[in-house]
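Enquirer: Contents of target09.tsv (TSV, C-alpha atoms) are given next:
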```
chain	number	residue	atom	x	y	z
W	1	GLY	CA	71.39	192.64	-26.56
W	2	GLU	CA	72.82	190.91	-23.53
W	3	ASN	CA	75.88	192.37	-21.77
W	4	VAL	CA	77.85	190.29	-19.26
W	5	GLU	CA	80.39	191.91	-16.94
W	6	GLN	CA	82.92	189.74	-15.07
W	7	HIS	CA	85.16	190.57	-12.10
W	8	PRO	CA	87.96	190.35	-11.17
W	9	SER	CA	90.11	190.05	-14.30
W	10	THR	CA	92.84	188.31	-12.30
W	11	LEU	CA	92.69	186.48	-8.98
W	12	SER	CA	95.61	185.02	-7.03
W	13	VAL	CA	95.02	182.68	-4.10
W	14	GLN	CA	97.00	180.24	-2.00
W	15	GLU	CA	96.34	176.54	-2.34
W	16	GLY	CA	93.47	175.57	-0.06
W	17	ASP	CA	91.86	179.01	-0.08
W	18	SER	CA	88.49	179.74	-1.67
W	19	ALA	CA	88.05	181.73	-4.88
W	20	VAL	CA	84.99	183.72	-5.94
W	21	ILE	CA	84.34	185.15	-9.40
W	22	LYS	CA	81.35	187.41	-9.98
W	23	CYS	CA	79.31	188.26	-13.06
W	24	THR	CA	76.41	190.58	-13.79
W	25	TYR	CA	74.06	190.49	-16.76
W	26	SER	CA	71.78	193.06	-18.32
W	27	ASP	CA	68.95	191.14	-20.00
W	28	SER	CA	66.29	190.06	-17.52
W	29	ALA	CA	65.11	187.48	-20.09
W	30	SER	CA	68.38	185.52	-19.75
W	31	ASN	CA	67.76	182.12	-18.20
W	32	TYR	CA	70.88	180.02	-18.71
W	33	PHE	CA	74.25	180.80	-17.12
W	34	PRO	CA	77.21	178.48	-17.80
W	35	TRP	CA	80.75	178.73	-16.53
W	36	TYR	CA	83.70	177.62	-18.65
W	37	LYS	CA	87.30	176.82	-17.73
W	38	GLN	CA	90.04	177.36	-20.27
W	39	GLU	CA	93.43	175.81	-19.71
W	40	LEU	CA	96.47	177.10	-21.56
W	41	GLY	CA	96.40	176.21	-25.24
W	42	LYS	CA	92.98	174.58	-25.08
W	43	GLY	CA	89.40	175.45	-25.85
W	44	PRO	CA	86.95	176.42	-23.08
W	45	GLN	CA	85.22	173.55	-21.32
W	46	LEU	CA	81.98	173.69	-19.33
W	47	ILE	CA	82.47	173.15	-15.60
W	48	ILE	CA	79.03	174.02	-14.21
W	49	ASP	CA	75.85	175.76	-15.31
W	50	ILE	CA	72.70	177.10	-13.68
W	51	ARG	CA	69.23	177.91	-14.96
W	52	SER	CA	67.02	180.73	-13.80
W	53	ASN	CA	64.64	178.48	-11.88
W	54	VAL	CA	67.45	177.49	-9.49
W	55	GLY	CA	69.27	179.67	-6.93
W	56	GLU	CA	72.31	177.51	-6.28
W	57	LYS	CA	74.02	174.46	-7.72
W	58	LYS	CA	77.00	172.48	-6.40
W	59	ASP	CA	79.37	169.96	-7.90
W	60	GLN	CA	82.05	168.83	-5.45
W	61	ARG	CA	84.34	171.84	-4.84
W	62	ILE	CA	82.51	174.08	-7.31
W	63	ALA	CA	79.28	175.98	-6.71
W	64	VAL	CA	77.36	178.63	-8.59
W	65	THR	CA	74.78	181.02	-7.14
W	66	LEU	CA	72.24	183.10	-9.04
W	67	ASN	CA	70.38	186.21	-7.87
W	68	LYS	CA	67.78	187.00	-10.54
W	69	THR	CA	66.56	190.15	-8.80
W	70	ALA	CA	70.02	191.69	-8.77
W	71	LYS	CA	70.95	190.05	-12.10
W	72	HIS	CA	74.21	188.60	-10.89
W	73	PHE	CA	75.72	185.15	-10.53
W	74	SER	CA	78.92	183.89	-8.96
W	75	LEU	CA	81.32	180.96	-9.15
W	76	HIS	CA	82.73	179.63	-5.89
W	77	ILE	CA	85.69	177.26	-5.79
W	78	THR	CA	86.62	175.84	-2.38
W	79	GLU	CA	89.87	174.17	-1.33
W	80	THR	CA	91.64	175.43	-4.44
W	81	GLN	CA	94.39	173.34	-5.99
W	82	PRO	CA	97.18	174.31	-8.43
W	83	GLU	CA	95.32	172.50	-11.22
W	84	ASP	CA	92.46	174.98	-10.78
W	85	SER	CA	94.75	177.62	-12.31
W	86	ALA	CA	93.13	178.64	-15.61
W	87	VAL	CA	90.99	181.32	-17.21
W	88	TYR	CA	87.32	181.16	-16.21
W	89	PHE	CA	84.50	182.62	-18.30
W	90	CYS	CA	80.92	183.25	-17.29
W	91	ALA	CA	78.19	183.54	-19.91
W	92	GLY	CA	74.52	184.31	-20.25
W	93	GLN	CA	71.90	183.18	-22.72
W	94	THR	CA	68.28	184.20	-23.23
W	95	SER	CA	65.54	181.70	-23.87
W	96	GLY	CA	65.15	180.04	-27.20
W	97	TYR	CA	67.93	179.47	-29.67
W	98	SER	CA	69.91	182.61	-28.99
W	99	THR	CA	73.65	182.70	-28.58
W	100	LEU	CA	75.87	182.85	-25.50
W	101	THR	CA	77.31	186.20	-24.41
W	102	PHE	CA	80.60	185.77	-22.54
W	103	GLY	CA	82.27	187.84	-19.87
W	104	LYS	CA	85.86	188.92	-20.50
W	105	GLY	CA	87.31	186.19	-18.30
W	106	THR	CA	89.15	185.82	-15.00
W	107	MET	CA	92.67	184.43	-14.79
W	108	LEU	CA	92.86	182.39	-11.59
W	109	LEU	CA	96.33	181.60	-10.23
W	110	VAL	CA	96.59	179.11	-7.37
W	111	SER	CA	99.99	179.10	-5.68
W	112	PRO	CA	101.23	175.95	-3.90
S	1	ASN	CA	84.10	160.42	-30.50
S	2	ALA	CA	86.25	163.41	-31.52
S	3	GLY	CA	83.83	166.22	-30.52
S	4	VAL	CA	84.69	169.46	-32.35
S	5	THR	CA	87.68	169.35	-34.67
S	6	GLN	CA	89.31	172.48	-36.10
S	7	THR	CA	91.96	172.72	-38.79
S	8	PRO	CA	94.56	174.07	-39.02
S	9	LYS	CA	95.89	174.58	-35.48
S	10	PHE	CA	98.35	177.29	-36.50
S	11	GLN	CA	98.55	179.58	-39.54
S	12	VAL	CA	100.58	182.59	-40.61
S	13	LEU	CA	99.18	184.74	-43.42
S	14	LYS	CA	100.43	187.79	-45.22
S	15	THR	CA	98.17	190.83	-45.35
S	16	GLY	CA	95.70	190.44	-48.21
S	17	GLN	CA	95.88	186.64	-48.41
S	18	SER	CA	92.77	184.54	-48.02
S	19	MET	CA	92.16	181.34	-46.12
S	20	THR	CA	89.40	179.10	-44.79
S	21	LEU	CA	89.25	177.70	-41.28
S	22	GLN	CA	87.54	174.34	-41.13
S	23	CYS	CA	85.37	172.99	-38.32
S	24	ALA	CA	83.54	169.69	-37.98
S	25	GLN	CA	81.51	168.17	-35.14
S	26	ASP	CA	80.36	164.60	-34.70
S	27	MET	CA	77.78	165.11	-31.93
S	28	ASN	CA	74.69	165.65	-34.15
S	29	HIS	CA	74.40	169.22	-32.87
S	30	ASN	CA	72.11	171.66	-34.64
S	31	SER	CA	73.98	174.87	-33.81
S	32	MET	CA	77.55	175.87	-34.62
S	33	TYR	CA	79.53	179.01	-33.83
S	34	TRP	CA	82.74	180.83	-34.62
S	35	TYR	CA	84.37	182.96	-31.91
S	36	ARG	CA	87.56	184.94	-31.78
S	37	GLN	CA	89.56	185.37	-28.58
S	38	ASP	CA	91.81	188.36	-28.03
S	39	PRO	CA	93.67	189.31	-24.82
S	40	GLY	CA	91.37	191.12	-22.41
S	41	MET	CA	88.39	190.83	-24.76
S	42	GLY	CA	86.99	187.44	-23.88
S	43	LEU	CA	85.21	185.39	-26.54
S	44	ARG	CA	83.43	187.40	-29.21
S	45	LEU	CA	80.98	185.82	-31.60
S	46	ILE	CA	81.79	186.25	-35.29
S	47	TYR	CA	79.04	184.20	-36.98
S	48	TYR	CA	76.75	181.40	-36.00
S	49	SER	CA	74.46	178.85	-37.58
S	50	ALA	CA	71.42	178.01	-35.48
S	51	SER	CA	70.59	175.09	-37.74
S	52	GLU	CA	71.66	173.55	-41.01
S	53	GLY	CA	70.92	175.96	-43.85
S	54	THR	CA	70.98	179.16	-41.77
S	55	THR	CA	73.76	181.56	-40.81
S	56	ASP	CA	73.67	184.84	-38.90
S	57	LYS	CA	76.09	187.59	-37.96
S	58	GLY	CA	77.41	187.84	-34.46
S	59	GLU	CA	79.12	190.71	-32.66
S	60	VAL	CA	82.18	191.07	-34.95
S	61	PRO	CA	81.35	189.78	-38.48
S	62	ASN	CA	83.24	192.33	-40.62
S	63	GLY	CA	85.96	190.80	-42.77
S	64	TYR	CA	84.59	187.24	-42.45
S	65	ASN	CA	82.23	184.93	-44.27
S	66	VAL	CA	80.89	181.53	-43.26
S	67	SER	CA	79.43	178.44	-44.87
S	68	ARG	CA	77.36	175.76	-43.16
S	69	LEU	CA	78.34	173.02	-45.57
S	70	ASN	CA	76.16	170.37	-43.93
S	71	LYS	CA	75.07	169.53	-40.41
S	72	ARG	CA	78.60	168.53	-39.38
S	73	GLU	CA	80.72	171.25	-40.97
S	74	PHE	CA	80.92	175.02	-40.54
S	75	SER	CA	83.75	176.94	-42.18
S	76	LEU	CA	85.04	180.48	-41.65
S	77	ARG	CA	86.64	182.37	-44.52
S	78	LEU	CA	88.91	185.40	-44.45
S	79	GLU	CA	88.82	186.89	-47.96
S	80	SER	CA	91.58	189.47	-47.48
S	81	ALA	CA	93.40	189.03	-44.18
S	82	ALA	CA	94.35	192.08	-42.12
S	83	PRO	CA	96.67	192.34	-39.09
S	84	SER	CA	93.59	193.15	-36.95
S	85	GLN	CA	92.42	189.58	-37.62
S	86	THR	CA	95.39	188.15	-35.74
S	87	SER	CA	93.65	186.14	-33.04
S	88	VAL	CA	92.79	182.71	-31.74
S	89	TYR	CA	89.67	181.35	-33.41
S	90	PHE	CA	87.36	178.84	-31.77
S	91	CYS	CA	84.59	176.82	-33.31
S	92	ALA	CA	81.84	175.48	-31.05
S	93	SER	CA	78.67	173.46	-31.36
S	94	SER	CA	75.61	172.88	-29.20
S	95	ALA	CA	72.04	171.64	-29.04
S	96	LEU	CA	70.80	168.25	-30.05
S	97	PRO	CA	67.57	168.39	-32.08
S	98	GLY	CA	64.79	169.72	-29.86
S	99	GLN	CA	67.14	171.10	-27.21
S	100	LYS	CA	67.54	174.72	-26.19
S	101	ASN	CA	70.13	176.50	-24.06
S	102	THR	CA	72.58	173.67	-23.61
S	103	GLU	CA	76.31	173.21	-23.18
S	104	ALA	CA	78.52	174.45	-26.00
S	105	PHE	CA	81.48	172.24	-26.91
S	106	PHE	CA	84.57	173.99	-28.18
S	107	GLY	CA	87.35	172.93	-30.51
S	108	GLN	CA	91.03	173.32	-29.63
S	109	GLY	CA	91.36	176.60	-31.52
S	110	THR	CA	93.27	177.98	-34.51
S	111	ARG	CA	96.03	180.46	-33.75
S	112	LEU	CA	96.17	182.85	-36.71
S	113	THR	CA	98.84	185.50	-37.24
S	114	VAL	CA	98.54	188.05	-40.05
S	115	VAL	CA	101.78	189.84	-40.89
```
Since I need it in another form, could you write the structure as structure tokens?
Expert:
Amino acid sequence: GENVEQHPSTLSVQEGDSAVIKCTYSDSASNYFPWYKQELGKGPQLIIDIRSNVGEKKDQRIAVTLNKTAKHFSLHITETQPEDSAVYFCAGQTSGYSTLTFGKGTMLLVSP
Amino acid sequence: NAGVTQTPKFQVLKTGQSMTLQCAQDMNHNSMYWYRQDPGMGLRLIYYSASEGTTDKGEVPNGYNVSRLNKREFSLRLESAAPSQTSVYFCASSALPGQKNTEAFFGQGTRLTVV
């Protein structure tokens, strides 16, 4: 089955800096890669996703890149703000009706 | 539009007790999931239901059973709770009819402690 590795496990940045979280996946058949943000005491919420026919996707301060050859994808957050502090999860899913496999998460701390 | 609703939000059980976690979604999604979240372990799939009438084991199914009661509801049962089942449990749903590989919506979670 799919295996998703996520790094780093914790990331501390100063407000205004950029943050990058990286994930690798094992199953070359995976074609859908969402990123979730989990705030304290809440359930994960989708912030951006990318499909295997696209190399990069942006939404305001958030961007995701995908390298299918190397089987890795990354989340980039620019101009970080304290409200970006949360746990971020990457995930991978193969085609069809299969389930999501999640990375172990990255705790992002943005200091004012 | 409530999304995914889980009950209860908090529960303390004694070892050996049983309980059922309830989950309901109002988005007409075909697929529903139960995950557990433990520190440093991410989200691990317990059971899922790809469509009404079907259920399948995920990564960590031992000690749990599920019921897809109808399209809206998917319950998780602990028959004989063990301390190792202390965790935060999340229900999620995804996929309108005909869709594949789409956003999963999560509930707020149930924090379960087994003493």
Enquirer: Could you tell me which of W:Ser18, W:Thr94, W:Thr99, W:Ser28 comes closest to His72 (chain W) if we count only C-alpha atoms?
Expert: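 For His72 (chain W), the nearest of the given residues is W:Ser28.
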Enquirer: So which residues fall inside 6 Å of (70.6, 179.3, -20.2) if we count only C-alpha atoms? Mind giving them as a PyMOL selection string?
Expert: (chain W and resi 31-33+51+93) or (chain S and resi 101)
Enquirer: Residues of chain W within 8 Å of chain S, counting only C-alpha atoms - could you list those as a list of chain:residue names?
Expert: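 Putting it all together, I get W:Tyr32, W:Pro34, W:Gly41, W:Lys42, W:Gly43, W:Pro44, W:Gln45, W:Leu46, W:Phe89, W:Gln93, W:Thr94, W:Ser95, W:Gly96, W:Tyr97, W:Ser98, W:Thr101, W:Phe102, W:Gly103, W:Lys104, W:Gly105.
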Enquirer: What does the distance between CA of Ser74 (chain W) and CA of Ser111 (chain W) come to in Å, to one decimal place?
Expert: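 According to the coordinates, CA of Ser74 (chain W) and CA of Ser111 (chain W) are separated by 21.9 Å.
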Enquirer: State, in Å with one decimal place, the distance from CA of Leu112 (chain S) to CA of Leu13 (chain S).
Expert: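 Separation of CA of Leu112 (chain S) and CA of Leu13 (chain S): 7.6 Å.
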Enquirer: Interatomic distance between CA of His29 (chain S) and CA of Leu69 (chain S)?
Expert: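 If I compute the distance from CA of His29 (chain S) to CA of Leu69 (chain S), I get 13.8 Å.
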Enquirer: Take the point (79.7, 168.3, -38.2) in the file's coordinates, draw a sphere of radius 6 Å around it, and report as a list of chain:residue names every protein, DNA or RNA residue with an atom inside or on it, counting only C-alpha atoms.
Expert: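 Counting only C-alpha atoms, I find these residues within 6 Å of (79.7, 168.3, -38.2): S:Ala24, S:Gln25, S:Asp26, S:Lys71, S:Arg72, S:Glu73.
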Enquirer: Near region 19-24 of chain W, within 6 Å and counting only C-alpha atoms, which residues show up once chain neighbours fewer than 5 positions away are dropped, as a list of chain:residue names?
Expert: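 Near region 19-24 of chain W, the qualifying residues are W:Val4, W:Glu5, W:Gln6, W:His7, W:Lys71, W:His72, W:Phe73, W:Ser74, W:Leu75, W:His76, W:Ile77.
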